[in-house]
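Source file input34.cif; content: mmCIF, C-alpha atoms.
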```cif
data_structure
loop_
_atom_site.label_atom_id
_atom_site.label_comp_id
_atom_site.auth_asym_id
_atom_site.auth_seq_id
_atom_site.Cartn_x
_atom_site.Cartn_y
_atom_site.Cartn_z
CA MET C 1 -2.44 18.09 -20.62
CA LYS C 2 -6.00 17.61 -19.38
CA THR C 3 -6.90 19.74 -16.38
CA ILE C 4 -10.23 19.76 -14.61
CA ALA C 5 -10.12 23.53 -13.97
CA SER C 6 -7.72 26.39 -14.62
CA PRO C 7 -6.21 27.58 -12.45
CA ILE C 8 -6.45 24.97 -9.71
CA PRO C 9 -5.52 26.64 -6.39
CA GLY C 10 -2.25 25.27 -5.02
CA TYR C 11 -1.67 22.96 -7.97
CA THR C 12 2.04 23.41 -8.65
CA TYR C 13 2.63 20.46 -10.98
CA GLY C 14 5.56 21.07 -13.28
CA THR C 15 6.56 24.32 -11.60
CA SER C 16 9.57 25.26 -9.48
CA GLU C 17 7.20 25.63 -6.51
CA ALA C 18 6.75 21.85 -6.31
CA ALA C 19 9.07 19.90 -4.03
CA GLN C 20 12.07 17.99 -5.34
CA SER C 21 11.78 14.22 -5.34
CA PRO C 22 14.42 12.41 -3.28
CA ILE C 23 14.65 9.63 -5.88
CA SER C 24 16.01 9.48 -9.38
CA ILE C 25 14.34 8.36 -12.58
CA ALA C 26 16.53 5.22 -12.42
CA GLU C 27 15.19 4.45 -8.94
CA LEU C 28 11.67 5.05 -10.20
CA GLU C 29 12.29 2.47 -12.92
CA GLN C 30 13.26 -0.04 -10.21
CA LEU C 31 10.13 0.82 -8.28
CA LYS C 32 8.03 0.24 -11.41
CA ARG C 33 9.61 -3.21 -11.56
CA SER C 34 8.83 -3.79 -7.87
CA VAL C 35 5.17 -3.00 -8.45
CA GLY C 36 5.06 -4.99 -11.70
CA PHE C 37 4.01 -2.08 -13.92
CA THR C 38 4.24 -3.25 -17.53
CA THR C 39 3.82 -1.64 -20.95
CA GLU C 40 0.36 -3.23 -20.99
CA ASP C 41 -0.41 -1.42 -17.74
CA GLU C 42 0.74 1.81 -19.37
CA ARG C 43 -1.86 1.31 -22.10
CA TYR C 44 -4.62 0.47 -19.67
CA ILE C 45 -3.91 3.31 -17.25
CA ARG C 46 -4.31 5.71 -20.20
CA MET C 47 -7.59 3.99 -21.06
CA ALA C 48 -8.64 4.44 -17.43
CA GLY C 49 -7.85 8.14 -17.75
CA GLU C 50 -10.12 8.48 -20.77
CA VAL C 51 -12.86 6.62 -18.90
CA LEU C 52 -12.54 8.62 -15.67
CA ASP C 53 -12.32 11.97 -17.48
CA GLY C 54 -15.68 13.64 -16.91
CA GLN C 55 -16.34 11.50 -13.83
CA THR C 56 -13.72 12.99 -11.51
CA LYS C 57 -16.21 15.15 -9.60
CA GLU C 58 -18.48 12.20 -8.84
CA LEU C 59 -15.52 9.99 -7.94
CA VAL C 60 -14.11 12.51 -5.48
CA GLU C 61 -17.60 12.91 -4.03
CA THR C 62 -17.74 9.13 -3.58
CA TRP C 63 -14.39 9.11 -1.78
CA ARG C 64 -15.34 12.09 0.36
CA GLY C 65 -18.57 10.32 1.24
CA ALA C 66 -16.49 7.38 2.45
CA ILE C 67 -14.24 9.75 4.40
CA ALA C 68 -17.26 11.47 5.96
CA GLN C 69 -18.38 8.10 7.36
CA ARG C 70 -15.04 7.79 9.16
CA PRO C 71 -14.67 10.59 11.72
CA HIS C 72 -10.99 9.75 12.30
CA LEU C 73 -10.40 10.58 8.62
CA ALA C 74 -12.98 13.35 8.21
CA ARG C 75 -11.27 15.51 10.85
CA HIS C 76 -8.35 16.16 8.50
CA SER C 77 -10.39 18.56 6.40
CA LYS C 78 -11.99 20.34 9.36
CA ASP C 79 -10.94 23.11 11.69
CA PRO C 80 -9.87 22.51 15.30
CA GLU C 81 -13.51 22.85 16.43
CA GLY C 82 -14.57 20.17 13.95
CA LYS C 83 -16.25 22.61 11.58
CA PRO C 84 -15.91 22.35 7.81
CA ILE C 85 -13.54 24.72 6.00
CA PRO C 86 -15.33 25.24 2.67
CA ARG C 87 -12.43 26.99 0.94
CA TYR C 88 -10.04 24.17 1.93
CA SER C 89 -12.45 21.46 0.82
CA GLU C 90 -13.06 23.16 -2.49
CA ALA C 91 -9.40 23.72 -3.37
CA SER C 92 -8.24 20.30 -2.20
CA GLY C 93 -11.22 18.73 -3.95
CA LEU C 94 -10.15 20.23 -7.26
CA ARG C 95 -6.61 18.96 -6.70
CA PHE C 96 -8.02 15.55 -5.76
CA GLN C 97 -9.93 15.49 -9.07
CA GLN C 98 -6.85 16.51 -10.98
CA TRP C 99 -4.87 13.77 -9.20
CA ILE C 100 -7.16 11.19 -10.81
CA LEU C 101 -6.31 12.44 -14.29
CA ASP C 102 -2.62 12.83 -13.41
CA THR C 103 -2.54 9.26 -12.09
CA CYS C 104 -3.76 8.00 -15.45
CA LEU C 105 -2.48 10.43 -18.04
CA ARG C 106 0.79 12.03 -16.94
CA PRO C 107 4.12 10.57 -18.04
CA TRP C 108 6.23 9.31 -15.16
CA ASP C 109 9.04 11.83 -15.50
CA GLN C 110 10.86 14.21 -13.18
CA ASP C 111 7.87 16.57 -12.92
CA TRP C 112 5.70 13.63 -11.96
CA LEU C 113 8.21 12.45 -9.35
CA ASN C 114 8.52 15.96 -7.94
CA TYR C 115 4.78 16.40 -7.62
CA GLN C 116 4.51 13.01 -5.89
CA GLN C 117 6.88 14.42 -3.29
CA GLU C 118 4.75 17.57 -3.05
CA ILE C 119 1.63 15.42 -2.45
CA ALA C 120 3.57 13.37 0.10
CA LEU C 121 4.61 16.48 2.03
CA ARG C 122 1.06 17.81 2.00
CA HIS C 123 -0.02 14.81 4.06
CA THR C 124 2.57 15.66 6.73
CA ALA C 125 3.19 18.42 9.25
CA LEU C 126 5.75 19.86 6.85
CA LYS C 127 3.16 21.12 4.36
CA LYS C 128 -0.41 20.15 5.30
CA ASN C 129 -2.58 23.29 5.65
CA ALA C 130 0.21 25.57 4.41
CA THR C 131 -0.83 25.39 0.75
CA ASP C 132 -4.29 26.71 1.53
CA GLY C 133 -3.41 28.77 4.60
CA VAL C 134 -5.91 26.96 6.79
CA SER C 135 -6.03 25.65 10.33
CA SER C 136 -6.79 21.92 10.45
CA THR C 137 -5.12 18.76 11.77
CA PRO C 138 -1.34 19.08 11.40
CA HIS C 139 -0.92 15.81 9.50
CA ILE C 140 -2.60 12.64 8.27
CA PRO C 141 -1.16 9.48 9.83
CA LEU C 142 0.76 7.49 7.24
CA ARG C 143 -1.08 4.31 8.16
CA ASP C 144 -4.40 5.90 7.24
CA VAL C 145 -2.99 7.24 3.97
CA ILE C 146 -1.87 3.73 3.05
CA ALA C 147 -5.03 2.04 4.30
CA PHE C 148 -7.61 4.35 2.73
CA THR C 149 -6.25 3.74 -0.77
CA ALA C 150 -7.91 0.31 -0.46
CA VAL C 151 -11.30 2.02 -0.25
CA MET C 152 -10.40 4.27 -3.19
CA ASN C 153 -9.31 1.27 -5.22
CA GLU C 154 -12.50 -0.62 -4.45
CA THR C 155 -14.85 2.26 -5.18
CA VAL C 156 -13.20 3.33 -8.43
CA ARG C 157 -14.30 0.15 -10.16
CA PRO C 158 -17.89 1.09 -11.07
CA PHE C 159 -16.52 4.30 -12.58
CA LEU C 160 -14.12 2.28 -14.72
CA ALA C 161 -17.09 0.19 -15.81
CA ALA C 162 -19.32 3.17 -16.63
CA LYS C 163 -18.45 3.54 -20.30
CA GLY C 164 -19.22 0.13 -21.69
CA HIS C 165 -15.81 -1.53 -21.79
CA SER C 166 -15.50 -5.30 -21.69
CA GLY C 167 -15.01 -7.13 -18.41
CA GLU C 168 -11.43 -7.89 -19.37
CA GLU C 169 -10.69 -4.25 -20.18
CA ILE C 170 -12.24 -3.10 -16.91
CA GLU C 171 -10.16 -5.62 -14.97
CA LYS C 172 -6.97 -4.52 -16.73
CA MET C 173 -7.70 -0.83 -16.17
CA HIS C 174 -8.41 -1.57 -12.53
CA SER C 175 -5.21 -3.57 -12.14
CA ALA C 176 -3.09 -0.81 -13.72
CA TRP C 177 -4.82 1.75 -11.51
CA ARG C 178 -4.06 -0.25 -8.36
CA LYS C 179 -0.40 -0.62 -9.30
CA SER C 180 -0.05 3.10 -9.95
CA VAL C 181 -1.62 3.92 -6.59
CA GLN C 182 0.59 1.40 -4.82
CA LEU C 183 3.68 2.93 -6.39
CA GLN C 184 2.49 6.37 -5.36
CA ILE C 185 1.94 5.45 -1.71
CA ALA C 186 5.42 3.91 -1.70
CA LEU C 187 6.65 7.38 -2.68
CA TRP C 188 4.35 9.17 -0.24
CA ALA C 189 5.86 7.23 2.69
CA GLN C 190 9.21 8.99 2.31
CA PRO C 191 8.68 12.16 4.37
CA TYR C 192 7.40 10.07 7.28
CA CYS C 193 10.56 8.02 7.37
CA SER C 194 13.37 8.68 9.76
CA SER C 195 16.12 10.90 8.42
CA ALA C 196 18.39 8.60 10.43
CA LEU C 197 17.65 5.83 7.92
CA ALA C 198 20.08 5.13 5.13
CA PRO C 199 18.53 6.72 1.98
CA ASP C 200 18.14 3.24 0.60
CA GLU C 201 16.29 2.11 3.71
CA TRP C 202 13.14 4.04 2.85
CA MET A 1 -4.61 -23.18 14.14
CA LYS A 2 -3.40 -24.40 10.77
CA THR A 3 0.36 -24.45 10.40
CA ILE A 4 2.26 -25.51 7.30
CA ALA A 5 5.05 -27.20 9.31
CA SER A 6 5.92 -27.70 12.96
CA PRO A 7 8.10 -26.23 14.18
CA ILE A 8 8.69 -23.38 11.73
CA PRO A 9 12.14 -21.91 12.43
CA GLY A 10 11.89 -18.38 13.81
CA TYR A 11 8.10 -18.36 13.83
CA THR A 12 7.27 -16.74 17.16
CA TYR A 13 3.58 -16.02 16.66
CA GLY A 14 1.72 -15.85 19.95
CA THR A 15 4.86 -16.13 22.06
CA SER A 16 6.63 -13.64 24.29
CA GLU A 17 9.52 -13.63 21.80
CA ALA A 18 7.43 -11.69 19.28
CA ALA A 19 7.66 -7.88 19.35
CA GLN A 20 5.02 -5.72 20.98
CA SER A 21 2.78 -3.77 18.66
CA PRO A 22 2.87 0.01 19.09
CA ILE A 23 -0.88 0.26 18.47
CA SER A 24 -3.91 -0.77 20.45
CA ILE A 25 -6.83 -2.95 19.47
CA ALA A 26 -8.95 0.23 19.37
CA GLU A 27 -6.51 1.80 16.89
CA LEU A 28 -6.60 -1.40 14.84
CA GLU A 29 -10.38 -1.09 14.67
CA GLN A 30 -9.96 2.41 13.24
CA LEU A 31 -7.46 1.10 10.72
CA LYS A 32 -9.94 -1.60 9.68
CA ARG A 33 -12.40 1.22 9.03
CA SER A 34 -9.77 3.12 7.02
CA VAL A 35 -9.18 0.12 4.79
CA GLY A 36 -12.90 -0.65 4.54
CA PHE A 37 -12.70 -4.16 5.98
CA THR A 38 -16.27 -5.38 6.55
CA THR A 39 -17.86 -8.45 8.11
CA GLU A 40 -18.35 -9.71 4.54
CA ASP A 41 -14.60 -9.35 4.00
CA GLU A 42 -14.06 -11.39 7.18
CA ARG A 43 -16.11 -14.23 5.70
CA TYR A 44 -14.31 -14.07 2.34
CA ILE A 45 -10.81 -13.86 3.79
CA ARG A 46 -11.58 -17.11 5.66
CA MET A 47 -12.79 -18.64 2.42
CA ALA A 48 -9.55 -17.51 0.79
CA GLY A 49 -7.65 -19.28 3.57
CA GLU A 50 -9.45 -22.55 2.86
CA VAL A 51 -8.73 -22.13 -0.86
CA LEU A 52 -5.04 -21.24 -0.41
CA ASP A 53 -4.44 -24.01 2.14
CA GLY A 54 -2.46 -26.68 0.31
CA GLN A 55 -1.28 -24.15 -2.29
CA THR A 56 1.04 -22.08 -0.09
CA LYS A 57 4.21 -23.76 -1.36
CA GLU A 58 3.35 -23.06 -5.00
CA LEU A 59 2.24 -19.52 -4.20
CA VAL A 60 5.48 -18.69 -2.40
CA GLU A 61 7.39 -20.23 -5.32
CA THR A 62 5.45 -17.94 -7.66
CA TRP A 63 6.34 -14.89 -5.58
CA ARG A 64 9.95 -15.94 -5.28
CA GLY A 65 10.08 -16.43 -9.03
CA ALA A 66 8.89 -12.83 -9.41
CA ILE A 67 11.52 -11.70 -6.90
CA ALA A 68 14.23 -13.63 -8.74
CA GLN A 69 13.43 -11.64 -11.89
CA ARG A 70 14.13 -8.42 -9.97
CA PRO A 71 17.78 -8.32 -8.86
CA HIS A 72 17.17 -5.29 -6.63
CA LEU A 73 14.73 -7.45 -4.67
CA ALA A 74 16.48 -10.80 -4.99
CA ARG A 75 19.61 -9.52 -3.24
CA HIS A 76 17.74 -9.41 0.08
CA SER A 77 17.89 -13.19 0.44
CA LYS A 78 21.52 -13.51 -0.67
CA ASP A 79 24.87 -13.12 1.03
CA PRO A 80 27.14 -10.10 0.48
CA GLU A 81 28.75 -11.90 -2.48
CA GLY A 82 25.36 -12.43 -4.09
CA LYS A 83 25.28 -16.16 -3.35
CA PRO A 84 22.12 -17.90 -2.14
CA ILE A 85 21.81 -18.79 1.54
CA PRO A 86 19.80 -22.03 1.42
CA ARG A 87 19.10 -22.22 5.15
CA TYR A 88 17.78 -18.63 5.14
CA SER A 89 15.63 -19.18 2.08
CA GLU A 90 14.18 -22.36 3.50
CA ALA A 91 13.30 -20.94 6.91
CA SER A 92 11.95 -17.65 5.57
CA GLY A 93 10.06 -19.58 2.88
CA LEU A 94 8.23 -21.61 5.51
CA ARG A 95 7.39 -18.42 7.38
CA PHE A 96 6.21 -16.84 4.11
CA GLN A 97 3.90 -19.82 3.54
CA GLN A 98 2.58 -19.57 7.07
CA TRP A 99 2.00 -15.84 6.57
CA ILE A 100 -0.50 -16.70 3.82
CA LEU A 101 -2.57 -18.82 6.19
CA ASP A 102 -2.19 -16.30 9.00
CA THR A 103 -3.36 -13.49 6.68
CA CYS A 104 -6.55 -15.41 6.02
CA LEU A 105 -7.29 -17.44 9.10
CA ARG A 106 -5.94 -15.74 12.23
CA PRO A 107 -8.15 -13.50 14.32
CA TRP A 108 -7.02 -9.88 14.44
CA ASP A 109 -6.18 -9.80 18.13
CA GLN A 110 -3.19 -8.71 20.21
CA ASP A 111 -1.10 -11.72 19.12
CA TRP A 112 -1.81 -10.86 15.49
CA LEU A 113 -0.88 -7.20 16.04
CA ASN A 114 2.30 -8.19 17.84
CA TYR A 115 3.38 -10.53 15.08
CA GLN A 116 2.69 -7.85 12.48
CA GLN A 117 5.22 -5.73 14.34
CA GLU A 118 7.65 -8.66 14.38
CA ILE A 119 7.27 -9.02 10.59
CA ALA A 120 7.72 -5.26 10.22
CA LEU A 121 10.96 -5.29 12.21
CA ARG A 122 12.28 -8.23 10.19
CA HIS A 123 12.22 -6.04 7.09
CA THR A 124 14.43 -3.46 8.80
CA ALA A 125 17.97 -3.22 10.10
CA LEU A 126 16.60 -3.81 13.59
CA LYS A 127 15.82 -7.49 12.99
CA LYS A 128 16.50 -8.61 9.41
CA ASN A 129 19.01 -11.50 9.37
CA ALA A 130 19.02 -11.76 13.17
CA THR A 131 16.22 -14.33 13.33
CA ASP A 132 18.16 -16.76 11.16
CA GLY A 133 21.68 -15.66 12.11
CA VAL A 134 22.65 -14.95 8.49
CA SER A 135 24.63 -12.31 6.66
CA SER A 136 22.54 -10.60 3.95
CA THR A 137 21.37 -7.07 3.09
CA PRO A 138 20.72 -5.15 6.31
CA HIS A 139 17.19 -4.11 5.37
CA ILE A 140 14.54 -4.05 2.65
CA PRO A 141 13.60 -0.51 1.55
CA LEU A 142 10.08 0.32 2.69
CA ARG A 143 9.13 1.50 -0.79
CA ASP A 144 9.88 -1.94 -2.21
CA VAL A 145 7.95 -3.66 0.57
CA ILE A 146 4.92 -1.53 -0.24
CA ALA A 147 5.34 -1.80 -4.02
CA PHE A 148 5.92 -5.54 -4.27
CA THR A 149 2.63 -6.34 -2.54
CA ALA A 150 1.01 -5.26 -5.83
CA VAL A 151 2.73 -8.17 -7.57
CA MET A 152 1.69 -10.52 -4.77
CA ASN A 153 -1.89 -9.31 -5.01
CA GLU A 154 -1.97 -9.77 -8.77
CA THR A 155 -0.43 -13.24 -8.78
CA VAL A 156 -2.54 -14.63 -5.96
CA ARG A 157 -5.68 -14.48 -8.09
CA PRO A 158 -5.27 -17.71 -10.10
CA PHE A 159 -4.67 -19.51 -6.80
CA LEU A 160 -7.95 -18.11 -5.45
CA ALA A 161 -9.63 -19.38 -8.62
CA ALA A 162 -8.11 -22.86 -8.43
CA LYS A 163 -10.85 -24.59 -6.48
CA GLY A 164 -13.91 -23.94 -8.59
CA HIS A 165 -15.52 -20.97 -6.85
CA SER A 166 -17.80 -18.59 -8.73
CA GLY A 167 -16.42 -15.45 -10.32
CA GLU A 168 -18.18 -13.37 -7.69
CA GLU A 169 -16.71 -15.42 -4.85
CA ILE A 170 -13.23 -15.17 -6.35
CA GLU A 171 -13.56 -11.41 -6.70
CA LYS A 172 -14.75 -11.07 -3.10
CA MET A 173 -11.93 -13.27 -1.78
CA HIS A 174 -9.45 -11.24 -3.79
CA SER A 175 -10.85 -7.95 -2.53
CA ALA A 176 -10.71 -9.10 1.10
CA TRP A 177 -7.15 -10.34 0.56
CA ARG A 178 -6.06 -7.00 -0.87
CA LYS A 179 -7.56 -5.08 2.03
CA SER A 180 -5.85 -7.33 4.56
CA VAL A 181 -2.49 -6.88 2.83
CA GLN A 182 -3.00 -3.11 2.64
CA LEU A 183 -3.74 -2.98 6.35
CA GLN A 184 -0.65 -5.06 7.05
CA ILE A 185 1.71 -2.83 5.06
CA ALA A 186 0.24 0.17 6.89
CA LEU A 187 1.41 -1.57 10.08
CA TRP A 188 4.75 -2.61 8.58
CA ALA A 189 5.62 1.02 7.82
CA GLN A 190 5.89 1.88 11.51
CA PRO A 191 9.52 0.93 12.27
CA TYR A 192 10.71 2.94 9.27
CA CYS A 193 9.05 6.08 10.55
CA SER A 194 10.90 8.73 12.42
CA SER A 195 10.79 8.42 16.18
CA ALA A 196 10.61 12.22 16.09
CA LEU A 197 7.09 11.93 14.70
CA ALA A 198 4.13 12.25 17.00
CA PRO A 199 2.89 8.66 17.59
CA ASP A 200 -0.27 9.60 15.75
CA GLU A 201 1.73 10.84 12.77
CA TRP A 202 2.71 7.35 11.69
#
```
Target format structure tokens, applied to this file:
Amino acid sequence: MKTIASPIPGYTYGTSEAAQSPISIAELEQLKRSVGFTTEDERYIRMAGEVLDGQTKELVETWRGAIAQRPHLARHSKDPEGKPIPRYSEASGLRFQQWILDTCLRPWDQDWLNYQQEIALRHTALKKNATDGVSSTPHIPLRDVIAFTAVMNETVRPFLAAKGHSGEEIEKMHSAWRKSVQLQIALWAQPYCSSALAPDEW
Amino acid sequence: MKTIASPIPGYTYGTSEAAQSPISIAELEQLKRSVGFTTEDERYIRMAGEVLDGQTKELVETWRGAIAQRPHLARHSKDPEGKPIPRYSEASGLRFQQWILDTCLRPWDQDWLNYQQEIALRHTALKKNATDGVSSTPHIPLRDVIAFTAVMNETVRPFLAAKGHSGEEIEKMHSAWRKSVQLQIALWAQPYCSSALAPDEW
């Protein structure tokens, strides 16, 4: 599997340290249907992975630039006094880069589901900061997690177009990318949901 | 304001019957920043509204066709025996059509925020079925609400292209549409979230 560095601090993909997903592979298949992810999308998300490989650093820098322009988002990587935490930014930045490749290139199996849950928890008070042993905001509001993916989806496009693919290929890679992200944020919502809900309600 | 029928059963936009939004206009402004909604997007979402006006029936039929192909989604408009409920489908279909125009043409003010909360509640056990006095599934899982918007976003595009706009205009309408929908599902997640969360955590 392609990794952008080795080791990546706090990157527990495929290990017993990652959380356990609350949903089954069968439920994931339903969710793929809900999002409309087809075998064509599977081909194009792999193509997107080949295209984005080698550009992950610049892409994360683009996203972090967008975050930096939004103080209500930027605070989540800073300490309680609003100062940067270089070690936190560096480690989470490497994981963010790896997430791009994982989004495109990993098979959607139990390890993938489990690491989605790990990512989900790391947005919440249950695990944010703990991975890196830092002091920052206790959680990222779910609404901002959901909303900011729109900026990520918009700004990824020039990177998908950077290696000379046809307009149709770029559009199909972009569409597959958006569906994968939408499916992921559907999974990331789970830890925010009330434990009083029926499991099926989330 | 443009409405697709009058009256629309159960459509309480702008009335005291609609729920109260848990967030303020100032928090909505932050969420607009999170999703990257610009003044250009405001212009293009209005253009999308003009383009989709007159096509809302066909667009909702397209979405319902996609739902019909997914039994785990289709069950939410049926009775406990899996039979259609024509009155429910008709009323909710009119509201679905109106939602398209509202997404594009309504100002994002307190009435808009409040009706977003009303829509949100109507996906959950708190208000689903109650509006129309029907017996169907008690709720729609949040993950399917989030995921299925990807299908809606994909299938809206030919409708945006149906009135002879340039490729660039179509892309900009589509982008503004996607951001609006992403912001809306961020709002719709709220009633699913644990009341034990800090308000800022959702």
**Message:** Expand the PyMOL selection byres ((chain C and resi 90) around 12) into the explicit residue set it covers here, and present it as a PyMOL selection string.
**Reply:** chain C and resi 5+8-10+57+60-61+64+77+84-89+91-97+132
**Request:** Skip Ile185 of chain C itself and residues of its chain fewer than 5 positions away, then list as an MDAnalysis selection string all residues within 12 Å of it, counting all atoms listed in the file.
**Result:** (chainID C and resid 31 35 103 116:117 119:121 123 142:150 178:180 190:192) or (chainID A and resid 142:150 182 185:186 189)
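Taking atom CA of His139 of chain A as the reference point, atom CA of His76 of chain A is found at 7.5 Å.
Relative to atom CA of Gly36 of chain C, atom CA of Gly82 of chain A is found at 22.9 Å.
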**Message:** I'd like the contact shell of Ser175 of chain A - 8 Å cut-off, all atoms listed in the file, skipping same-chain residues fewer than 4 positions apart - returned as a VMD selection string.
**Reply:** (chain C and resid 154) or (chain A and resid 41 171 179)
**Prompt:** So which residues get picked by the PyMOL selection byres ((chain C and resi 104) around 6) here, written as a VMD selection string?
**Reply:** chain C and resid 45 to 46 49 101 to 103 105
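Counting from atom CA of Val181 of chain A, the distance to atom CA of Glu27 of chain A is 17.0 Å.
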